[in-house]
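Structure data (mmCIF, N, CA and C atoms) from protein20.cif:
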```
data_run
loop_
_atom_site.label_atom_id
_atom_site.label_comp_id
_atom_site.auth_asym_id
_atom_site.auth_seq_id
_atom_site.Cartn_x
_atom_site.Cartn_y
_atom_site.Cartn_z
N MET K 1 38.56 -17.95 21.36
CA MET K 1 37.51 -17.27 20.63
C MET K 1 36.55 -16.67 21.64
N PRO K 2 36.32 -15.34 21.60
CA PRO K 2 35.45 -14.71 22.59
C PRO K 2 33.99 -15.07 22.35
N VAL K 3 33.25 -15.13 23.41
CA VAL K 3 31.82 -15.43 23.35
C VAL K 3 31.06 -14.10 23.40
N ALA K 4 30.14 -13.92 22.47
CA ALA K 4 29.36 -12.68 22.42
C ALA K 4 28.28 -12.72 23.49
N THR K 5 28.19 -11.67 24.24
CA THR K 5 27.13 -11.58 25.25
C THR K 5 25.84 -11.16 24.56
N PRO K 6 24.70 -11.39 25.19
CA PRO K 6 23.43 -10.98 24.58
C PRO K 6 23.42 -9.48 24.25
N LYS K 7 24.05 -8.67 25.10
CA LYS K 7 24.06 -7.23 24.87
C LYS K 7 24.86 -6.88 23.60
N ILE K 8 26.00 -7.51 23.44
CA ILE K 8 26.82 -7.27 22.25
C ILE K 8 26.10 -7.79 21.01
N ALA K 9 25.50 -8.95 21.13
CA ALA K 9 24.76 -9.53 20.00
C ALA K 9 23.62 -8.60 19.57
N ALA K 10 22.93 -8.02 20.54
CA ALA K 10 21.83 -7.10 20.22
C ALA K 10 22.36 -5.86 19.52
N ILE K 11 23.50 -5.33 19.98
CA ILE K 11 24.09 -4.15 19.36
C ILE K 11 24.52 -4.46 17.93
N LEU K 12 25.16 -5.61 17.72
CA LEU K 12 25.59 -6.00 16.38
C LEU K 12 24.40 -6.18 15.44
N THR K 13 23.36 -6.82 15.95
CA THR K 13 22.15 -7.02 15.14
C THR K 13 21.54 -5.67 14.76
N GLY K 14 21.48 -4.76 15.72
CA GLY K 14 20.95 -3.43 15.45
C GLY K 14 21.76 -2.70 14.40
N CYS K 15 23.08 -2.81 14.47
CA CYS K 15 23.95 -2.15 13.49
C CYS K 15 23.74 -2.74 12.10
N ILE K 16 23.61 -4.05 12.03
CA ILE K 16 23.39 -4.70 10.73
C ILE K 16 22.06 -4.24 10.14
N LEU K 17 21.01 -4.22 10.97
CA LEU K 17 19.70 -3.80 10.48
C LEU K 17 19.70 -2.33 10.06
N LEU K 18 20.34 -1.48 10.85
CA LEU K 18 20.42 -0.07 10.48
C LEU K 18 21.20 0.12 9.19
N GLY K 19 22.26 -0.65 9.04
CA GLY K 19 23.05 -0.57 7.81
C GLY K 19 22.23 -0.99 6.60
N ALA K 20 21.47 -2.02 6.76
CA ALA K 20 20.61 -2.47 5.66
C ALA K 20 19.58 -1.42 5.31
N CYS K 21 19.04 -0.75 6.32
CA CYS K 21 18.07 0.31 6.07
C CYS K 21 18.73 1.50 5.38
N ALA K 22 19.95 1.79 5.76
CA ALA K 22 20.64 2.93 5.17
C ALA K 22 20.97 2.68 3.71
N VAL K 23 21.24 1.43 3.33
CA VAL K 23 21.57 1.11 1.95
C VAL K 23 20.34 1.15 1.07
N ASN K 24 19.19 0.76 1.59
CA ASN K 24 17.96 0.71 0.80
C ASN K 24 17.34 2.09 0.74
N THR K 25 17.50 2.76 -0.41
CA THR K 25 16.97 4.11 -0.55
C THR K 25 15.68 4.13 -1.37
N ALA K 26 15.18 2.99 -1.77
CA ALA K 26 13.96 2.94 -2.56
C ALA K 26 12.77 3.39 -1.72
N THR K 27 11.84 4.07 -2.36
CA THR K 27 10.63 4.49 -1.68
C THR K 27 9.68 3.31 -1.61
N ILE K 28 9.27 2.98 -0.41
CA ILE K 28 8.34 1.86 -0.22
C ILE K 28 6.95 2.45 -0.10
N THR K 29 6.08 2.03 -1.00
CA THR K 29 4.70 2.50 -0.97
C THR K 29 3.77 1.31 -1.08
N SER K 30 2.52 1.56 -0.87
CA SER K 30 1.50 0.53 -1.00
C SER K 30 1.44 0.09 -2.46
N PRO K 31 1.15 -1.19 -2.71
CA PRO K 31 1.01 -1.63 -4.09
C PRO K 31 -0.18 -0.98 -4.79
N LEU K 32 -1.05 -0.34 -4.02
CA LEU K 32 -2.22 0.33 -4.61
C LEU K 32 -2.05 1.85 -4.65
N ALA K 33 -0.83 2.34 -4.44
CA ALA K 33 -0.58 3.78 -4.41
C ALA K 33 -0.94 4.46 -5.72
N GLY K 34 -0.86 3.73 -6.82
CA GLY K 34 -1.17 4.31 -8.13
C GLY K 34 -2.63 4.66 -8.33
N LEU K 35 -3.50 4.14 -7.47
CA LEU K 35 -4.93 4.45 -7.60
C LEU K 35 -5.23 5.91 -7.31
N SER K 36 -4.43 6.53 -6.48
CA SER K 36 -4.70 7.93 -6.12
C SER K 36 -3.71 8.89 -6.74
N CYS K 37 -2.90 8.42 -7.65
CA CYS K 37 -1.88 9.25 -8.29
C CYS K 37 -2.38 9.63 -9.69
N VAL K 38 -2.76 10.89 -9.86
CA VAL K 38 -3.42 11.27 -11.11
C VAL K 38 -2.64 12.24 -11.99
N ASP K 39 -1.48 12.71 -11.53
CA ASP K 39 -0.73 13.62 -12.40
C ASP K 39 0.14 12.83 -13.37
N ASP K 40 0.81 13.51 -14.27
CA ASP K 40 1.59 12.84 -15.30
C ASP K 40 3.09 12.93 -15.06
N THR K 41 3.50 13.03 -13.81
CA THR K 41 4.92 13.01 -13.49
C THR K 41 5.44 11.58 -13.66
N PRO K 42 6.73 11.42 -13.93
CA PRO K 42 7.28 10.07 -14.07
C PRO K 42 7.03 9.20 -12.84
N ASN K 43 7.13 9.79 -11.65
CA ASN K 43 6.90 9.05 -10.41
C ASN K 43 5.45 8.53 -10.35
N CYS K 44 4.52 9.37 -10.71
CA CYS K 44 3.10 8.99 -10.66
C CYS K 44 2.80 7.92 -11.72
N ILE K 45 3.35 8.10 -12.90
CA ILE K 45 3.16 7.11 -13.96
C ILE K 45 3.71 5.76 -13.52
N ALA K 46 4.87 5.76 -12.89
CA ALA K 46 5.47 4.52 -12.40
C ALA K 46 4.59 3.87 -11.34
N LYS K 47 4.02 4.68 -10.45
CA LYS K 47 3.12 4.13 -9.42
C LYS K 47 1.89 3.50 -10.06
N ARG K 48 1.31 4.17 -11.06
CA ARG K 48 0.13 3.60 -11.73
C ARG K 48 0.48 2.29 -12.43
N GLN K 49 1.64 2.25 -13.09
CA GLN K 49 2.05 1.02 -13.76
C GLN K 49 2.26 -0.11 -12.76
N ALA K 50 2.88 0.20 -11.64
CA ALA K 50 3.12 -0.82 -10.61
C ALA K 50 1.80 -1.33 -10.04
N THR K 51 0.87 -0.42 -9.82
CA THR K 51 -0.44 -0.82 -9.29
C THR K 51 -1.19 -1.68 -10.29
N LEU K 52 -1.14 -1.30 -11.56
CA LEU K 52 -1.80 -2.10 -12.59
C LEU K 52 -1.19 -3.51 -12.64
N ARG K 53 0.13 -3.61 -12.59
CA ARG K 53 0.79 -4.92 -12.57
C ARG K 53 0.34 -5.72 -11.35
N TYR K 54 0.32 -5.07 -10.20
CA TYR K 54 -0.09 -5.74 -8.96
C TYR K 54 -1.52 -6.28 -9.10
N MET K 55 -2.41 -5.43 -9.59
CA MET K 55 -3.81 -5.83 -9.69
C MET K 55 -4.00 -6.95 -10.70
N THR K 56 -3.37 -6.85 -11.85
CA THR K 56 -3.58 -7.86 -12.88
C THR K 56 -2.88 -9.17 -12.56
N ASN K 57 -1.91 -9.13 -11.66
CA ASN K 57 -1.23 -10.36 -11.23
C ASN K 57 -1.84 -10.98 -9.99
N ASP K 58 -2.83 -10.33 -9.40
CA ASP K 58 -3.48 -10.83 -8.19
C ASP K 58 -4.41 -11.99 -8.55
N PRO K 59 -4.05 -13.21 -8.18
CA PRO K 59 -4.88 -14.35 -8.56
C PRO K 59 -6.26 -14.36 -7.90
N THR K 60 -6.41 -13.67 -6.78
CA THR K 60 -7.71 -13.64 -6.10
C THR K 60 -8.62 -12.55 -6.66
N ARG K 61 -8.04 -11.60 -7.35
CA ARG K 61 -8.77 -10.45 -7.89
C ARG K 61 -9.61 -9.76 -6.81
N ALA K 62 -9.05 -9.64 -5.63
CA ALA K 62 -9.75 -8.99 -4.51
C ALA K 62 -10.08 -7.54 -4.84
N TRP K 63 -9.30 -6.91 -5.68
CA TRP K 63 -9.51 -5.52 -6.05
C TRP K 63 -10.85 -5.30 -6.75
N VAL K 64 -11.37 -6.31 -7.37
CA VAL K 64 -12.64 -6.18 -8.11
C VAL K 64 -13.76 -5.73 -7.18
N ARG K 65 -13.76 -6.22 -5.96
CA ARG K 65 -14.85 -5.93 -5.02
C ARG K 65 -14.55 -4.77 -4.07
N GLN K 66 -13.41 -4.13 -4.26
CA GLN K 66 -13.10 -2.96 -3.43
C GLN K 66 -13.80 -1.74 -3.99
N ARG K 67 -14.21 -0.86 -3.12
CA ARG K 67 -14.94 0.34 -3.52
C ARG K 67 -13.97 1.40 -4.03
N PRO K 68 -14.12 1.85 -5.28
CA PRO K 68 -13.21 2.84 -5.84
C PRO K 68 -13.53 4.27 -5.40
N THR K 69 -12.52 5.11 -5.45
CA THR K 69 -12.69 6.54 -5.18
C THR K 69 -12.70 7.29 -6.50
N ALA K 70 -13.01 8.57 -6.43
CA ALA K 70 -12.95 9.40 -7.64
C ALA K 70 -11.53 9.41 -8.19
N LEU K 71 -10.54 9.46 -7.31
CA LEU K 71 -9.15 9.45 -7.78
C LEU K 71 -8.82 8.13 -8.48
N ALA K 72 -9.36 7.03 -8.00
CA ALA K 72 -9.13 5.75 -8.66
C ALA K 72 -9.69 5.75 -10.08
N TYR K 73 -10.85 6.36 -10.25
CA TYR K 73 -11.40 6.48 -11.61
C TYR K 73 -10.54 7.39 -12.46
N ALA K 74 -10.09 8.51 -11.90
CA ALA K 74 -9.29 9.47 -12.65
C ALA K 74 -7.93 8.89 -13.03
N SER K 75 -7.36 8.07 -12.17
CA SER K 75 -6.06 7.46 -12.48
C SER K 75 -6.19 6.47 -13.62
N GLY K 76 -7.36 5.86 -13.75
CA GLY K 76 -7.61 4.91 -14.82
C GLY K 76 -7.13 3.50 -14.52
N VAL K 77 -6.44 3.30 -13.42
CA VAL K 77 -5.81 2.00 -13.15
C VAL K 77 -6.85 0.89 -13.04
N ARG K 78 -7.89 1.10 -12.25
CA ARG K 78 -8.91 0.06 -12.09
C ARG K 78 -9.59 -0.25 -13.42
N LEU K 79 -9.92 0.78 -14.15
CA LEU K 79 -10.60 0.57 -15.43
C LEU K 79 -9.69 -0.18 -16.41
N PHE K 80 -8.41 0.18 -16.45
CA PHE K 80 -7.48 -0.56 -17.30
C PHE K 80 -7.36 -2.02 -16.84
N ALA K 81 -7.36 -2.24 -15.53
CA ALA K 81 -7.28 -3.61 -15.00
C ALA K 81 -8.50 -4.42 -15.44
N PHE K 82 -9.68 -3.84 -15.35
CA PHE K 82 -10.89 -4.54 -15.82
C PHE K 82 -10.76 -4.87 -17.30
N ARG K 83 -10.30 -3.92 -18.06
CA ARG K 83 -10.16 -4.14 -19.51
C ARG K 83 -9.15 -5.24 -19.80
N LYS K 84 -8.03 -5.19 -19.11
CA LYS K 84 -6.96 -6.16 -19.36
C LYS K 84 -7.36 -7.58 -18.94
N LYS K 85 -8.12 -7.71 -17.87
CA LYS K 85 -8.48 -9.02 -17.33
C LYS K 85 -9.85 -9.52 -17.80
N LYS K 86 -10.52 -8.80 -18.68
CA LYS K 86 -11.91 -9.12 -19.03
C LYS K 86 -12.13 -10.57 -19.44
N SER K 87 -11.19 -11.16 -20.16
CA SER K 87 -11.39 -12.54 -20.61
C SER K 87 -11.25 -13.55 -19.48
N GLU K 88 -10.66 -13.13 -18.35
CA GLU K 88 -10.47 -14.02 -17.21
C GLU K 88 -11.51 -13.79 -16.11
N LEU K 89 -12.25 -12.71 -16.19
CA LEU K 89 -13.22 -12.38 -15.15
C LEU K 89 -14.44 -13.29 -15.24
N SER K 90 -15.00 -13.60 -14.09
CA SER K 90 -16.26 -14.36 -14.07
C SER K 90 -17.38 -13.43 -14.54
N CYS K 91 -18.51 -14.00 -14.81
CA CYS K 91 -19.66 -13.17 -15.22
C CYS K 91 -20.04 -12.18 -14.12
N ALA K 92 -19.96 -12.61 -12.87
CA ALA K 92 -20.27 -11.70 -11.76
C ALA K 92 -19.25 -10.56 -11.70
N GLU K 93 -17.98 -10.88 -11.94
CA GLU K 93 -16.95 -9.84 -11.93
C GLU K 93 -17.09 -8.89 -13.11
N LEU K 94 -17.49 -9.42 -14.26
CA LEU K 94 -17.77 -8.56 -15.42
C LEU K 94 -18.90 -7.59 -15.11
N LYS K 95 -19.91 -8.08 -14.43
CA LYS K 95 -21.04 -7.24 -14.06
C LYS K 95 -20.59 -6.12 -13.11
N ILE K 96 -19.76 -6.47 -12.14
CA ILE K 96 -19.23 -5.46 -11.21
C ILE K 96 -18.42 -4.43 -11.98
N GLY K 97 -17.56 -4.89 -12.88
CA GLY K 97 -16.73 -3.97 -13.67
C GLY K 97 -17.55 -3.06 -14.55
N LYS K 98 -18.57 -3.60 -15.18
CA LYS K 98 -19.43 -2.78 -16.04
C LYS K 98 -20.18 -1.75 -15.21
N SER K 99 -20.71 -2.17 -14.08
CA SER K 99 -21.41 -1.22 -13.20
C SER K 99 -20.48 -0.12 -12.73
N GLU K 100 -19.25 -0.49 -12.41
CA GLU K 100 -18.27 0.49 -11.98
C GLU K 100 -17.95 1.47 -13.10
N ALA K 101 -17.73 0.95 -14.30
CA ALA K 101 -17.43 1.82 -15.43
C ALA K 101 -18.61 2.75 -15.74
N ASP K 102 -19.82 2.23 -15.61
CA ASP K 102 -21.00 3.06 -15.85
C ASP K 102 -21.16 4.15 -14.79
N ALA K 103 -20.73 3.87 -13.56
CA ALA K 103 -20.86 4.84 -12.46
C ALA K 103 -19.75 5.89 -12.47
N ALA K 104 -18.66 5.61 -13.12
CA ALA K 104 -17.49 6.49 -13.08
C ALA K 104 -17.77 7.93 -13.50
N PRO K 105 -18.47 8.19 -14.60
CA PRO K 105 -18.69 9.59 -14.99
C PRO K 105 -19.40 10.42 -13.91
N LYS K 106 -20.38 9.83 -13.27
CA LYS K 106 -21.10 10.55 -12.22
C LYS K 106 -20.18 10.84 -11.04
N VAL K 107 -19.39 9.85 -10.65
CA VAL K 107 -18.45 10.04 -9.54
C VAL K 107 -17.41 11.09 -9.89
N LEU K 108 -16.90 11.03 -11.12
CA LEU K 108 -15.88 11.99 -11.56
C LEU K 108 -16.40 13.43 -11.60
N ARG K 109 -17.69 13.58 -11.76
CA ARG K 109 -18.28 14.93 -11.79
C ARG K 109 -18.91 15.31 -10.45
N GLY K 110 -18.79 14.44 -9.47
CA GLY K 110 -19.45 14.66 -8.18
C GLY K 110 -18.61 15.44 -7.19
N SER K 111 -19.16 15.58 -6.01
CA SER K 111 -18.55 16.39 -4.95
C SER K 111 -17.25 15.80 -4.40
N THR K 112 -17.03 14.50 -4.59
CA THR K 112 -15.80 13.90 -4.09
C THR K 112 -14.63 14.06 -5.06
N ALA K 113 -14.88 14.67 -6.20
CA ALA K 113 -13.85 14.82 -7.23
C ALA K 113 -13.45 16.26 -7.47
N THR K 114 -13.67 17.12 -6.50
CA THR K 114 -13.41 18.55 -6.72
C THR K 114 -11.94 18.88 -6.94
N SER K 115 -11.02 18.01 -6.54
CA SER K 115 -9.60 18.28 -6.74
C SER K 115 -9.12 17.93 -8.15
N LEU K 116 -9.98 17.32 -8.94
CA LEU K 116 -9.59 16.91 -10.29
C LEU K 116 -9.75 18.04 -11.28
N THR K 117 -8.87 18.06 -12.27
CA THR K 117 -8.96 19.07 -13.33
C THR K 117 -10.01 18.62 -14.34
N PRO K 118 -10.52 19.54 -15.15
CA PRO K 118 -11.47 19.14 -16.20
C PRO K 118 -10.87 18.10 -17.16
N ALA K 119 -9.59 18.20 -17.44
CA ALA K 119 -8.95 17.23 -18.33
C ALA K 119 -8.93 15.84 -17.70
N GLN K 120 -8.67 15.76 -16.40
CA GLN K 120 -8.66 14.47 -15.71
C GLN K 120 -10.05 13.86 -15.69
N VAL K 121 -11.05 14.68 -15.47
CA VAL K 121 -12.44 14.20 -15.48
C VAL K 121 -12.80 13.70 -16.87
N SER K 122 -12.42 14.46 -17.88
CA SER K 122 -12.74 14.09 -19.26
C SER K 122 -12.07 12.78 -19.66
N ARG K 123 -10.80 12.64 -19.35
CA ARG K 123 -10.08 11.40 -19.68
C ARG K 123 -10.69 10.20 -18.95
N GLY K 124 -11.01 10.38 -17.68
CA GLY K 124 -11.61 9.29 -16.91
C GLY K 124 -12.97 8.89 -17.45
N THR K 125 -13.74 9.88 -17.85
CA THR K 125 -15.07 9.63 -18.40
C THR K 125 -14.99 8.88 -19.73
N MET K 126 -14.07 9.31 -20.58
CA MET K 126 -13.91 8.63 -21.88
C MET K 126 -13.44 7.19 -21.70
N LEU K 127 -12.47 6.99 -20.79
CA LEU K 127 -11.98 5.64 -20.54
C LEU K 127 -13.10 4.77 -19.98
N ALA K 128 -13.88 5.30 -19.06
CA ALA K 128 -14.98 4.54 -18.47
C ALA K 128 -15.97 4.10 -19.54
N SER K 129 -16.27 4.97 -20.48
CA SER K 129 -17.19 4.64 -21.56
C SER K 129 -16.64 3.50 -22.43
N GLU K 130 -15.35 3.57 -22.75
CA GLU K 130 -14.72 2.52 -23.55
C GLU K 130 -14.71 1.19 -22.80
N VAL K 131 -14.36 1.23 -21.53
CA VAL K 131 -14.29 -0.01 -20.74
C VAL K 131 -15.69 -0.60 -20.56
N SER K 132 -16.69 0.23 -20.34
CA SER K 132 -18.06 -0.26 -20.22
C SER K 132 -18.47 -1.00 -21.49
N ARG K 133 -18.15 -0.42 -22.63
CA ARG K 133 -18.48 -1.05 -23.91
C ARG K 133 -17.75 -2.40 -24.06
N ASP K 134 -16.45 -2.42 -23.72
CA ASP K 134 -15.68 -3.67 -23.83
C ASP K 134 -16.22 -4.76 -22.90
N LEU K 135 -16.56 -4.38 -21.68
CA LEU K 135 -17.07 -5.36 -20.73
C LEU K 135 -18.46 -5.85 -21.13
N ARG K 136 -19.28 -4.96 -21.69
CA ARG K 136 -20.61 -5.36 -22.17
C ARG K 136 -20.46 -6.40 -23.29
N ARG K 137 -19.54 -6.18 -24.20
CA ARG K 137 -19.30 -7.14 -25.29
C ARG K 137 -18.86 -8.49 -24.73
N GLU K 138 -17.96 -8.45 -23.75
CA GLU K 138 -17.48 -9.69 -23.15
C GLU K 138 -18.62 -10.41 -22.43
N GLN K 139 -19.48 -9.66 -21.74
CA GLN K 139 -20.63 -10.27 -21.07
C GLN K 139 -21.55 -10.93 -22.09
N ARG K 140 -21.84 -10.24 -23.17
CA ARG K 140 -22.73 -10.81 -24.20
C ARG K 140 -22.14 -12.07 -24.81
N ARG K 141 -20.82 -12.09 -24.96
CA ARG K 141 -20.15 -13.22 -25.58
C ARG K 141 -20.17 -14.46 -24.67
N ARG K 142 -20.02 -14.26 -23.35
CA ARG K 142 -19.83 -15.40 -22.46
C ARG K 142 -20.91 -15.65 -21.44
N CYS K 143 -21.69 -14.64 -21.11
CA CYS K 143 -22.61 -14.76 -19.96
C CYS K 143 -24.06 -14.80 -20.42
N LYS K 144 -24.84 -15.58 -19.72
CA LYS K 144 -26.28 -15.66 -20.00
C LYS K 144 -27.01 -14.64 -19.16
N GLY K 145 -28.05 -14.09 -19.72
CA GLY K 145 -28.92 -13.18 -18.97
C GLY K 145 -28.42 -11.85 -18.87
#
```

When written as structure tokens, how does the structure in this file appear?
Amino acid sequence: MPVATPKIAAILTGCILLGACAVNTATITSPLAGLSCVDDTPNCIAKRQATLRYMTNDPTRAWVRQRPTALAYASGVRLFAFRKKKSELSCAELKIGKSEADAAPKVLRGSTATSLTPAQVSRGTMLASEVSRDLRREQRRRCKG
């Protein structure tokens, strides 16, 4: 039985790894890629859904304290995540979510949102209003002060 030299072993390992890379044709993106994807193409919708799943399954809810962009508001993912997780959020997190939802219309109409269409701004603004109302109700139900 022949003994593989380190050089041959390295070549075989490289071939195996390259083969594995060649077989995997899936697009690898950040789990938060859906935050900046605002069109209605199937690819963009899938990214938003994946991001929403990622955020709502995050036990640390680190996303709550991350600073959103105008595109994040327009995509609706963060706002939907706040809405979906409202019963699990702490009072402090509810406050952050409500403040974010209240700030969204101004951000969506601001200078950082010039790439958005009027329809995207309108949808984001309406969603923000609904989420703000839902979070306010949850705060009143569970939180003091």

**Study point:** Atom-to-atom span, atom CA of Leu35 of chain K and atom CA of Pro105 of chain K, Å
**Key:** 16.4 Å

Practice item. Would you mind listing what lies within 7 Å of segment 116-132 of chain K as number ranges by chain, with only C-alpha atoms counted and same-chain residues fewer than 5 positions away left out? Key: K: 73-74, 76, 79, 83, 98, 101-102, 104-105, 108-109

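Reported to one decimal place, the separation of atom CA of Gly97 of chain K from atom CA of Leu71 of chain K is 16.5 Å.
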
Practice item. Point out the residue among K:Cys91, K:Cys37, K:Met55, K:Val107 with the least atom-to-atom distance to Ser75 of chain K, counting all atoms listed in the file. Key: K:Cys37

Check your understanding: With only C-alpha atoms as the basis for distance, which of K:Phe82, K:Thr114, K:Ala72, K:Val64 is at the shortest distance from Val38 of chain K?
Key ->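 Closest to Val38 of chain K, using only C-alpha atoms: K:Ala72.
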
Check your understanding: Which residues, written as a list in words, have at least one atom at most 12 Å from Ala46 of chain K, with only C-alpha atoms counted and residues fewer than 2 positions away on the same chain left out?
Key ->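 Here the qualifying residues turn out to be Thr27, Thr29, Pro31, Leu32, Ala33, Gly34, Leu35, Cys37, Val38, Asp39, Asp40, Thr41, Pro42, Asn43, Cys44, Arg48, Gln49, Ala50, Thr51, Leu52, Arg53, Ser75 and Val77 of chain K.
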
Show me, as lines of an AutoDock Vina configuration file, the centre and edge lengths in Å to one decimal of the axis-aligned box that covers every listed atom of segment 62-78 of chain K with 8 Å on each side.
```
center_x = -10.4
center_y = -0.1
center_z = -9.0
size_x = 25.1
size_y = 35.1
size_z = 27.7
```

Check your understanding: Just how far from atom C of Ser90 of chain K is atom C of Ala70 of chain K, in Å to one decimal?
Key ->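 Between atom C of Ala70 of chain K and atom C of Ser90 of chain K the gap works out to 24.4 Å.
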